[in-house]
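Reviewing the structure listed below.
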Amino acid sequence: MLTRRWFNIILNTDSMNGYSTNYTTGDKIMKKEKKIIIIGGGISGLSAGIYARLCGMDAEIYEKNAIPGGECIGWNRKGYHIDNCIHWLTGTNKKTELYKVWKTVGALSDDTEYAALDSFFTTCHAGKRVTLWADLERTRKEMIELSPEDEVEINKFIEYTEYSKQCVMPADKPLDMFGIGDYINYGKAMGDFVKVMKELSKISLEEYSKRFKSPVIQKMLCDYLPKEYTAYSFLVSYASIADGNGGIPMGGSLQMSLRMEKRFKELGGKIFYNKAASEITVDKKMACAVRFEDGSTATGDYYIATLDTNILFGKLIDRKYMPSDMKLAYEKTAKYPATSSFQVAFSVNKSFNPGETVFIDIEPLKVGATTFDRMYVKVYGYDPAFVKGDRQVVQTSIFQSDDDYEAWKRLSPEEYKKAKSELTEAVVARIEAAFPEVKGDLEFLDAWTPLTYERYCNAYHGSYMSFITTPGAKAVRNKGIIKGIKNLWFAGQWNSSPGGLPVAVTNGKFAIQRIMRKSWPANLDMPESVLNEEDYHDERGTEGREKAGNFDDSADSVRGERVS
């Protein structure tokens, strides 16, 4: 049977009285409807709001930008749509608990269409290629043909990826609400994945790659995730693709966020846009109100902060409330690095098809504080949302670290603009060198940096994930309970390393579960919600942006200023 320690390593994450209607079951669960204020309209905030309404709570969400989704968004340039987030979405397998959560919050449905892709990505190096196919046997065969001398390690890699399919994220309830039976059942479900954890939880991807003799396989293992990640993280990611649990919903990231917004409003929730929080007032160990930058305030019985914890602790409330393990992570950046990227988007002819995501060798290029000799080209022609006539969107990305963020941060506005322009030209030259067929055909659409994520989402060091899970560092995993403030919780991807959309959506749900405790309705993630027409809207809805949103094809961003 798995010990609690192994659960923690595997996951890397982590009353009220009755009389209002539970919108899923119709039960009377609270005598007086309680009001909850949610700061942040990203995936976690939307999830918390939806589950609060399903439990009969009066829920209001306050979001600093003009659209929902946080980092799960996209924007338009020159008539093209640029996607910022989903490369694969864990939880698309309908048999998983996580799929039920995605369905409950409206992000996915049984009718959702996914991109018809048959691979994870392709690595090119020194004239050779290796592709991680969704078909593991195809991958095994091609890898062995490529590098017969690595056959033993290749077979083990495929076997361990197969085992990693059993690493399924629990989404029905948080670990702190598990009973003995839950632990036993979850341990059984993990099966052979424990073997992967025992061998690969203490080494980095870079260390793991050295077990292989083939240079292109070594590059492949360090291409998709930062080389500092624990080795098993990569196998779990690939296993999601191979198991059909990592699909890409058609329409892009923003559309998924908008579906969640729609679900929240249909349940009677109210969402306010362009409302950046500036302070949470606390008195006698109770949160009393949220004050916003425009001088307005919001009050409720309960509060959930879903924005970056670096902003919550230190700006909205005193940093003394920050959990000790999180303080350590912010202080020890070498052990707990944050990762971001420098990205550029172009349009190109639809005939360009090197593979959906292809990593290439490039002439060394300094971006931020680091010099890189690898980057990827991602082609979005698989989705009509990213196609305009006979042209499609392509994007590139280069990893950025804490040091790179600091280098960008030191630039003046003029230096920043110049650096982006020069790097864009350098990226064009490198794409054309790798793919001569696109020479002169790349149309620039946009470029963005770690500072973009910081400005738009208040993201710590511009990170689009939480702290990287590195060997030898205890994973950050918080319940979201704030000691010293009885009615304030925090939720989101920063609660649990390494973050991401699954952590965000489940932490939003878990925050409401922890508030409800014994009043939490059974079987809330039902196959179909039971909603009556009179339950819709009840004079709630959207405030702070026009119905159509601000998605025009102009130089403005979705918030009214350039996103990059």
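A note on labels: chains of the structure tokens are A, B, ... as shown, every chain counts residues from 1, and ligands are counted from 1 in their shown order.
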
DSSP strand (DSSP E) selection over segment 50-186 of chain A, as a compact mmCIF listing (two decimals) with N, CA, C and O atoms, in the first residue's frame:
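Contents of result_18.txt, freshly written:
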```
# COMPACT_ATOMS: atom_id res chain seq x y z
N ASP A 58 -24.15 32.52 -2.72
CA ASP A 58 -24.16 33.73 -3.53
C ASP A 58 -22.70 34.04 -3.87
O ASP A 58 -21.89 34.27 -2.97
N ALA A 59 -22.34 34.01 -5.17
CA ALA A 59 -20.93 34.13 -5.56
C ALA A 59 -20.69 35.30 -6.49
O ALA A 59 -21.43 35.50 -7.46
N GLU A 60 -19.65 36.07 -6.18
CA GLU A 60 -19.21 37.17 -7.03
C GLU A 60 -17.73 37.02 -7.32
O GLU A 60 -16.93 36.76 -6.40
N ILE A 61 -17.36 37.19 -8.59
CA ILE A 61 -15.96 37.12 -9.02
C ILE A 61 -15.52 38.51 -9.46
O ILE A 61 -16.23 39.20 -10.19
N TYR A 62 -14.32 38.91 -9.04
CA TYR A 62 -13.74 40.20 -9.43
C TYR A 62 -12.42 39.94 -10.15
O TYR A 62 -11.50 39.34 -9.58
N GLY A 74 -6.38 33.89 -25.25
CA GLY A 74 -5.76 34.15 -26.53
C GLY A 74 -6.15 35.56 -26.94
O GLY A 74 -6.97 36.21 -26.28
N TRP A 75 -5.56 36.06 -28.01
CA TRP A 75 -5.90 37.41 -28.48
C TRP A 75 -5.73 37.47 -30.01
O TRP A 75 -5.19 36.54 -30.62
N ASN A 76 -6.23 38.55 -30.61
CA ASN A 76 -6.23 38.70 -32.06
C ASN A 76 -5.21 39.72 -32.52
O ASN A 76 -5.03 40.75 -31.88
N ARG A 77 -4.55 39.40 -33.63
CA ARG A 77 -3.66 40.33 -34.29
C ARG A 77 -3.81 40.16 -35.80
O ARG A 77 -3.70 39.03 -36.31
N TYR A 80 -5.82 37.37 -37.12
CA TYR A 80 -5.45 36.02 -36.71
C TYR A 80 -5.63 35.88 -35.19
O TYR A 80 -5.47 36.86 -34.45
N HIS A 81 -5.93 34.67 -34.74
CA HIS A 81 -6.05 34.42 -33.31
C HIS A 81 -4.77 33.75 -32.81
O HIS A 81 -4.27 32.80 -33.42
N ILE A 82 -4.25 34.26 -31.71
CA ILE A 82 -3.03 33.73 -31.08
C ILE A 82 -3.42 33.08 -29.77
O ILE A 82 -4.13 33.67 -28.95
N ASP A 83 -2.96 31.85 -29.56
CA ASP A 83 -3.30 31.12 -28.34
C ASP A 83 -2.15 31.19 -27.34
O ASP A 83 -0.98 31.04 -27.72
N LEU A 89 -4.40 19.27 -22.70
CA LEU A 89 -5.23 19.47 -21.52
C LEU A 89 -5.43 18.14 -20.82
O LEU A 89 -6.16 17.27 -21.31
N THR A 90 -4.80 17.96 -19.67
CA THR A 90 -4.99 16.74 -18.90
C THR A 90 -6.42 16.68 -18.38
O THR A 90 -6.93 17.65 -17.82
N SER A 119 0.64 12.88 -32.37
CA SER A 119 1.95 12.88 -31.72
C SER A 119 2.02 13.94 -30.64
O SER A 119 1.18 14.85 -30.58
N PHE A 120 3.02 13.83 -29.79
CA PHE A 120 3.29 14.80 -28.73
C PHE A 120 4.14 15.92 -29.31
O PHE A 120 3.75 17.08 -29.32
N PHE A 121 5.33 15.56 -29.81
CA PHE A 121 6.19 16.53 -30.49
C PHE A 121 7.31 15.78 -31.20
O PHE A 121 7.48 14.56 -31.02
N THR A 122 8.08 16.52 -32.00
CA THR A 122 9.21 15.97 -32.73
C THR A 122 10.47 16.76 -32.38
O THR A 122 10.43 17.99 -32.28
N THR A 123 11.55 16.04 -32.17
CA THR A 123 12.85 16.67 -31.92
C THR A 123 13.76 16.43 -33.10
O THR A 123 13.91 15.31 -33.59
N CYS A 124 14.37 17.52 -33.59
CA CYS A 124 15.35 17.45 -34.66
C CYS A 124 16.71 17.86 -34.12
O CYS A 124 16.81 18.87 -33.40
N HIS A 125 17.74 17.10 -34.49
CA HIS A 125 19.09 17.45 -34.03
C HIS A 125 20.12 16.80 -34.95
O HIS A 125 20.07 15.59 -35.18
N LYS A 128 18.96 14.42 -37.63
CA LYS A 128 18.12 13.28 -37.25
C LYS A 128 16.86 13.76 -36.55
O LYS A 128 16.82 14.85 -35.97
N ARG A 129 15.80 12.93 -36.60
CA ARG A 129 14.51 13.28 -36.01
C ARG A 129 14.02 12.12 -35.14
O ARG A 129 14.23 10.95 -35.47
N VAL A 130 13.36 12.48 -34.05
CA VAL A 130 12.66 11.48 -33.24
C VAL A 130 11.31 12.08 -32.85
O VAL A 130 11.23 13.24 -32.43
N THR A 131 10.25 11.30 -33.01
CA THR A 131 8.90 11.75 -32.71
C THR A 131 8.29 10.90 -31.62
O THR A 131 8.41 9.66 -31.64
N LEU A 132 7.66 11.54 -30.66
CA LEU A 132 6.91 10.82 -29.63
C LEU A 132 5.46 10.72 -30.11
O LEU A 132 4.68 11.66 -30.02
N TRP A 133 5.12 9.57 -30.65
CA TRP A 133 3.78 9.33 -31.17
C TRP A 133 2.82 8.96 -30.06
O TRP A 133 3.23 8.46 -29.01
```

Going by DSSP on the backbone, which bits of segment 239-338 of chain A are helix (DSSP H, G or I)? Write them as a ChimeraX atom specification, please.
/A:239-242,253-266,309-312,319-321,324-331

May I have the residues from that selection written out with N, CA and C atoms, as an mmCIF file, in the first residue's frame?
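again25.cif, written as the output of this step:
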```cif
data_model
loop_
_atom_site.group_PDB
_atom_site.id
_atom_site.type_symbol
_atom_site.label_atom_id
_atom_site.label_comp_id
_atom_site.auth_asym_id
_atom_site.auth_seq_id
_atom_site.Cartn_x
_atom_site.Cartn_y
_atom_site.Cartn_z
ATOM 1 N N ALA A 239 2.567 10.288 -21.155
ATOM 2 C CA ALA A 239 1.550 9.261 -20.919
ATOM 3 C C ALA A 239 0.143 9.819 -21.111
ATOM 4 N N SER A 240 -0.063 11.099 -20.765
ATOM 5 C CA SER A 240 -1.372 11.720 -20.963
ATOM 6 C C SER A 240 -1.758 11.704 -22.437
ATOM 7 N N ILE A 241 -0.797 12.006 -23.296
ATOM 8 C CA ILE A 241 -1.047 11.995 -24.738
ATOM 9 C C ILE A 241 -1.314 10.569 -25.213
ATOM 10 N N ALA A 242 -0.492 9.635 -24.772
ATOM 11 C CA ALA A 242 -0.609 8.241 -25.216
ATOM 12 C C ALA A 242 -1.875 7.572 -24.704
ATOM 13 N N SER A 253 -7.726 28.315 -26.115
ATOM 14 C CA SER A 253 -7.798 28.512 -24.665
ATOM 15 C C SER A 253 -8.875 29.503 -24.262
ATOM 16 N N LEU A 254 -8.959 30.635 -24.966
ATOM 17 C CA LEU A 254 -9.928 31.660 -24.600
ATOM 18 C C LEU A 254 -11.353 31.126 -24.669
ATOM 19 N N GLN A 255 -11.647 30.351 -25.688
ATOM 20 C CA GLN A 255 -13.007 29.822 -25.823
ATOM 21 C C GLN A 255 -13.360 28.906 -24.656
ATOM 22 N N MET A 256 -12.386 28.153 -24.157
ATOM 23 C CA MET A 256 -12.656 27.297 -23.001
ATOM 24 C C MET A 256 -12.959 28.147 -21.771
ATOM 25 N N SER A 257 -12.206 29.225 -21.583
ATOM 26 C CA SER A 257 -12.460 30.122 -20.460
ATOM 27 C C SER A 257 -13.834 30.773 -20.579
ATOM 28 N N LEU A 258 -14.210 31.158 -21.799
ATOM 29 C CA LEU A 258 -15.516 31.777 -22.000
ATOM 30 C C LEU A 258 -16.655 30.793 -21.739
ATOM 31 N N ARG A 259 -16.424 29.509 -22.024
ATOM 32 C CA ARG A 259 -17.452 28.505 -21.702
ATOM 33 C C ARG A 259 -17.650 28.402 -20.201
ATOM 34 N N MET A 260 -16.567 28.508 -19.446
ATOM 35 C CA MET A 260 -16.680 28.482 -17.992
ATOM 36 C C MET A 260 -17.382 29.726 -17.481
ATOM 37 N N GLU A 261 -17.079 30.881 -18.063
ATOM 38 C CA GLU A 261 -17.767 32.114 -17.684
ATOM 39 C C GLU A 261 -19.274 31.970 -17.923
ATOM 40 N N LYS A 262 -19.636 31.418 -19.068
ATOM 41 C CA LYS A 262 -21.044 31.219 -19.411
ATOM 42 C C LYS A 262 -21.722 30.308 -18.382
ATOM 43 N N ARG A 263 -21.042 29.248 -18.014
ATOM 44 C CA ARG A 263 -21.588 28.306 -17.021
ATOM 45 C C ARG A 263 -21.834 29.021 -15.694
ATOM 46 N N PHE A 264 -20.865 29.830 -15.267
ATOM 47 C CA PHE A 264 -20.991 30.558 -14.004
ATOM 48 C C PHE A 264 -22.188 31.503 -14.034
ATOM 49 N N LYS A 265 -22.341 32.235 -15.127
ATOM 50 C CA LYS A 265 -23.451 33.183 -15.225
ATOM 51 C C LYS A 265 -24.791 32.472 -15.319
ATOM 52 N N GLU A 266 -24.841 31.347 -16.008
ATOM 53 C CA GLU A 266 -26.082 30.580 -16.104
ATOM 54 C C GLU A 266 -26.538 30.069 -14.735
ATOM 55 N N THR A 309 0.130 34.052 -5.523
ATOM 56 C CA THR A 309 0.378 34.160 -4.080
ATOM 57 C C THR A 309 1.400 35.244 -3.760
ATOM 58 N N ASN A 310 2.254 35.579 -4.716
ATOM 59 C CA ASN A 310 3.219 36.654 -4.491
ATOM 60 C C ASN A 310 2.527 38.003 -4.353
ATOM 61 N N ILE A 311 1.339 38.133 -4.947
ATOM 62 C CA ILE A 311 0.547 39.361 -4.828
ATOM 63 C C ILE A 311 -0.357 39.296 -3.591
ATOM 64 N N LEU A 312 -0.924 38.138 -3.347
ATOM 65 C CA LEU A 312 -1.794 37.983 -2.174
ATOM 66 C C LEU A 312 -1.040 38.289 -0.889
ATOM 67 N N ARG A 319 2.612 39.781 4.466
ATOM 68 C CA ARG A 319 3.376 38.595 4.061
ATOM 69 C C ARG A 319 3.569 37.612 5.217
ATOM 70 N N LYS A 320 3.324 38.051 6.437
ATOM 71 C CA LYS A 320 3.482 37.163 7.592
ATOM 72 C C LYS A 320 2.507 35.987 7.536
ATOM 73 N N TYR A 321 1.440 36.126 6.761
ATOM 74 C CA TYR A 321 0.447 35.060 6.663
ATOM 75 C C TYR A 321 0.857 33.961 5.683
ATOM 76 N N SER A 324 4.922 28.645 5.500
ATOM 77 C CA SER A 324 6.384 28.577 5.569
ATOM 78 C C SER A 324 7.009 27.895 4.359
ATOM 79 N N ASP A 325 6.382 26.841 3.838
ATOM 80 C CA ASP A 325 6.983 26.160 2.690
ATOM 81 C C ASP A 325 6.939 27.048 1.443
ATOM 82 N N MET A 326 5.929 27.895 1.353
ATOM 83 C CA MET A 326 5.845 28.811 0.225
ATOM 84 C C MET A 326 6.885 29.926 0.362
ATOM 85 N N LYS A 327 7.106 30.405 1.578
ATOM 86 C CA LYS A 327 8.155 31.403 1.813
ATOM 87 C C LYS A 327 9.506 30.852 1.367
ATOM 88 N N LEU A 328 9.757 29.596 1.723
ATOM 89 C CA LEU A 328 11.020 28.961 1.357
ATOM 90 C C LEU A 328 11.186 28.915 -0.152
ATOM 91 N N ALA A 329 10.107 28.597 -0.861
ATOM 92 C CA ALA A 329 10.168 28.503 -2.315
ATOM 93 C C ALA A 329 10.507 29.852 -2.947
ATOM 94 N N TYR A 330 9.947 30.920 -2.420
ATOM 95 C CA TYR A 330 10.248 32.246 -2.955
ATOM 96 C C TYR A 330 11.672 32.685 -2.630
ATOM 97 N N GLU A 331 12.195 32.206 -1.511
ATOM 98 C CA GLU A 331 13.531 32.606 -1.084
ATOM 99 C C GLU A 331 14.620 31.788 -1.764
#
```

Counting only C-alpha atoms, what is within 9 Å of segment 159-169 of chain A, bar same-chain residues fewer than 5 positions away, as a PyMOL selection string?
chain A and resi 10-11+91+96-98+136+154+189-196+232+235-240+242-243+245+502-503

Selection to disk with N, CA and C atoms, as a PDB file, in the first residue's frame:
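Everything below was put into result-v3.pdb:
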```pdb
ATOM      1  N   ILE A  10       3.849  11.892  -5.608  1.00  0.00           N
ATOM      2  CA  ILE A  10       3.128  11.623  -6.844  1.00  0.00           C
ATOM      3  C   ILE A  10       2.324  12.834  -7.276  1.00  0.00           C
ATOM      4  N   LEU A  11       1.620  13.439  -6.327  1.00  0.00           N
ATOM      5  CA  LEU A  11       0.697  14.529  -6.679  1.00  0.00           C
ATOM      6  C   LEU A  11       1.418  15.840  -6.895  1.00  0.00           C
ATOM      7  N   GLY A  91      -7.049  15.523 -18.580  1.00  0.00           N
ATOM      8  CA  GLY A  91      -8.412  15.336 -18.096  1.00  0.00           C
ATOM      9  C   GLY A  91      -9.433  15.206 -19.206  1.00  0.00           C
ATOM     10  N   THR A  96     -11.992   9.630 -16.276  1.00  0.00           N
ATOM     11  CA  THR A  96     -11.271  10.174 -15.132  1.00  0.00           C
ATOM     12  C   THR A  96     -12.136  11.114 -14.299  1.00  0.00           C
ATOM     13  N   GLU A  97     -11.761  11.245 -13.024  1.00  0.00           N
ATOM     14  CA  GLU A  97     -12.430  12.203 -12.137  1.00  0.00           C
ATOM     15  C   GLU A  97     -12.246  13.629 -12.645  1.00  0.00           C
ATOM     16  N   LEU A  98     -11.068  13.908 -13.206  1.00  0.00           N
ATOM     17  CA  LEU A  98     -10.775  15.262 -13.665  1.00  0.00           C
ATOM     18  C   LEU A  98     -11.691  15.652 -14.822  1.00  0.00           C
ATOM     19  N   LEU A 136       2.467   4.241 -28.618  1.00  0.00           N
ATOM     20  CA  LEU A 136       3.748   3.953 -27.967  1.00  0.00           C
ATOM     21  C   LEU A 136       4.573   2.923 -28.737  1.00  0.00           C
ATOM     22  N   ILE A 154      15.395   2.282 -24.182  1.00  0.00           N
ATOM     23  CA  ILE A 154      14.190   2.665 -24.922  1.00  0.00           C
ATOM     24  C   ILE A 154      13.004   1.817 -24.480  1.00  0.00           C
ATOM     25  N   ALA A 189      -5.124   2.075  -7.579  1.00  0.00           N
ATOM     26  CA  ALA A 189      -5.247   2.629  -8.929  1.00  0.00           C
ATOM     27  C   ALA A 189      -3.884   3.033  -9.488  1.00  0.00           C
ATOM     28  N   MET A 190      -2.966   3.452  -8.610  1.00  0.00           N
ATOM     29  CA  MET A 190      -1.642   3.873  -9.050  1.00  0.00           C
ATOM     30  C   MET A 190      -0.816   2.706  -9.591  1.00  0.00           C
ATOM     31  N   GLY A 191      -1.040   1.520  -9.084  1.00  0.00           N
ATOM     32  CA  GLY A 191      -0.401   0.320  -9.603  1.00  0.00           C
ATOM     33  C   GLY A 191       1.087   0.435  -9.803  1.00  0.00           C
ATOM     34  N   ASP A 192       1.538   0.155 -11.041  1.00  0.00           N
ATOM     35  CA  ASP A 192       2.968   0.093 -11.350  1.00  0.00           C
ATOM     36  C   ASP A 192       3.635   1.467 -11.436  1.00  0.00           C
ATOM     37  N   PHE A 193       2.844   2.533 -11.378  1.00  0.00           N
ATOM     38  CA  PHE A 193       3.460   3.857 -11.439  1.00  0.00           C
ATOM     39  C   PHE A 193       4.405   4.081 -10.259  1.00  0.00           C
ATOM     40  N   VAL A 194       4.177   3.374  -9.177  1.00  0.00           N
ATOM     41  CA  VAL A 194       5.064   3.500  -8.012  1.00  0.00           C
ATOM     42  C   VAL A 194       6.503   3.156  -8.397  1.00  0.00           C
ATOM     43  N   LYS A 195       6.674   2.199  -9.316  1.00  0.00           N
ATOM     44  CA  LYS A 195       8.023   1.827  -9.768  1.00  0.00           C
ATOM     45  C   LYS A 195       8.704   3.015 -10.449  1.00  0.00           C
ATOM     46  N   VAL A 196       7.931   3.755 -11.227  1.00  0.00           N
ATOM     47  CA  VAL A 196       8.476   4.928 -11.905  1.00  0.00           C
ATOM     48  C   VAL A 196       8.925   5.965 -10.878  1.00  0.00           C
ATOM     49  N   TYR A 232      10.363  11.977 -13.869  1.00  0.00           N
ATOM     50  CA  TYR A 232       9.058  11.343 -14.037  1.00  0.00           C
ATOM     51  C   TYR A 232       8.016  12.314 -14.577  1.00  0.00           C
ATOM     52  N   LEU A 235       7.548  11.832 -18.283  1.00  0.00           N
ATOM     53  CA  LEU A 235       6.872  10.586 -18.623  1.00  0.00           C
ATOM     54  C   LEU A 235       5.371  10.684 -18.372  1.00  0.00           C
ATOM     55  N   VAL A 236       4.990  11.368 -17.291  1.00  0.00           N
ATOM     56  CA  VAL A 236       3.571  11.561 -16.996  1.00  0.00           C
ATOM     57  C   VAL A 236       2.915  12.411 -18.083  1.00  0.00           C
ATOM     58  N   SER A 237       3.621  13.433 -18.537  1.00  0.00           N
ATOM     59  CA  SER A 237       3.085  14.292 -19.602  1.00  0.00           C
ATOM     60  C   SER A 237       2.878  13.496 -20.886  1.00  0.00           C
ATOM     61  N   TYR A 238       3.880  12.731 -21.274  1.00  0.00           N
ATOM     62  CA  TYR A 238       3.773  11.927 -22.493  1.00  0.00           C
ATOM     63  C   TYR A 238       2.688  10.864 -22.345  1.00  0.00           C
ATOM     64  N   ALA A 239       2.567  10.288 -21.155  1.00  0.00           N
ATOM     65  CA  ALA A 239       1.550   9.261 -20.919  1.00  0.00           C
ATOM     66  C   ALA A 239       0.143   9.819 -21.111  1.00  0.00           C
ATOM     67  N   SER A 240      -0.063  11.099 -20.765  1.00  0.00           N
ATOM     68  CA  SER A 240      -1.372  11.720 -20.963  1.00  0.00           C
ATOM     69  C   SER A 240      -1.758  11.704 -22.437  1.00  0.00           C
ATOM     70  N   ALA A 242      -0.492   9.635 -24.772  1.00  0.00           N
ATOM     71  CA  ALA A 242      -0.609   8.241 -25.216  1.00  0.00           C
ATOM     72  C   ALA A 242      -1.875   7.572 -24.704  1.00  0.00           C
ATOM     73  N   ASP A 243      -2.441   8.095 -23.635  1.00  0.00           N
ATOM     74  CA  ASP A 243      -3.630   7.499 -23.033  1.00  0.00           C
ATOM     75  C   ASP A 243      -4.924   8.197 -23.454  1.00  0.00           C
ATOM     76  N   ASN A 245      -5.669  11.165 -22.700  1.00  0.00           N
ATOM     77  CA  ASN A 245      -6.071  12.014 -21.584  1.00  0.00           C
ATOM     78  C   ASN A 245      -5.430  13.394 -21.670  1.00  0.00           C
ATOM     79  N   PRO A 502      -4.993  21.720 -14.619  1.00  0.00           N
ATOM     80  CA  PRO A 502      -5.658  20.758 -13.729  1.00  0.00           C
ATOM     81  C   PRO A 502      -5.575  21.148 -12.262  1.00  0.00           C
ATOM     82  N   VAL A 503      -4.415  21.654 -11.835  1.00  0.00           N
ATOM     83  CA  VAL A 503      -4.263  22.110 -10.454  1.00  0.00           C
ATOM     84  C   VAL A 503      -5.170  23.304 -10.196  1.00  0.00           C
TER      85      VAL A 503
END
```

Can you list, as a ChimeraX atom specification, every protein, DNA or RNA residue that comes within 9 Å of Lys285 of chain A when you count only C-alpha atoms, leaving out same-chain residues fewer than 4 positions away?
/A:483-487

Go through A:Leu501, A:Leu225, A:Ala115, A:Ile36 one by one, measure the shortest atom-to-atom distance of each to Glu71 of chain A using only C-alpha atoms, and give the residue with the smallest value.
A:Leu501
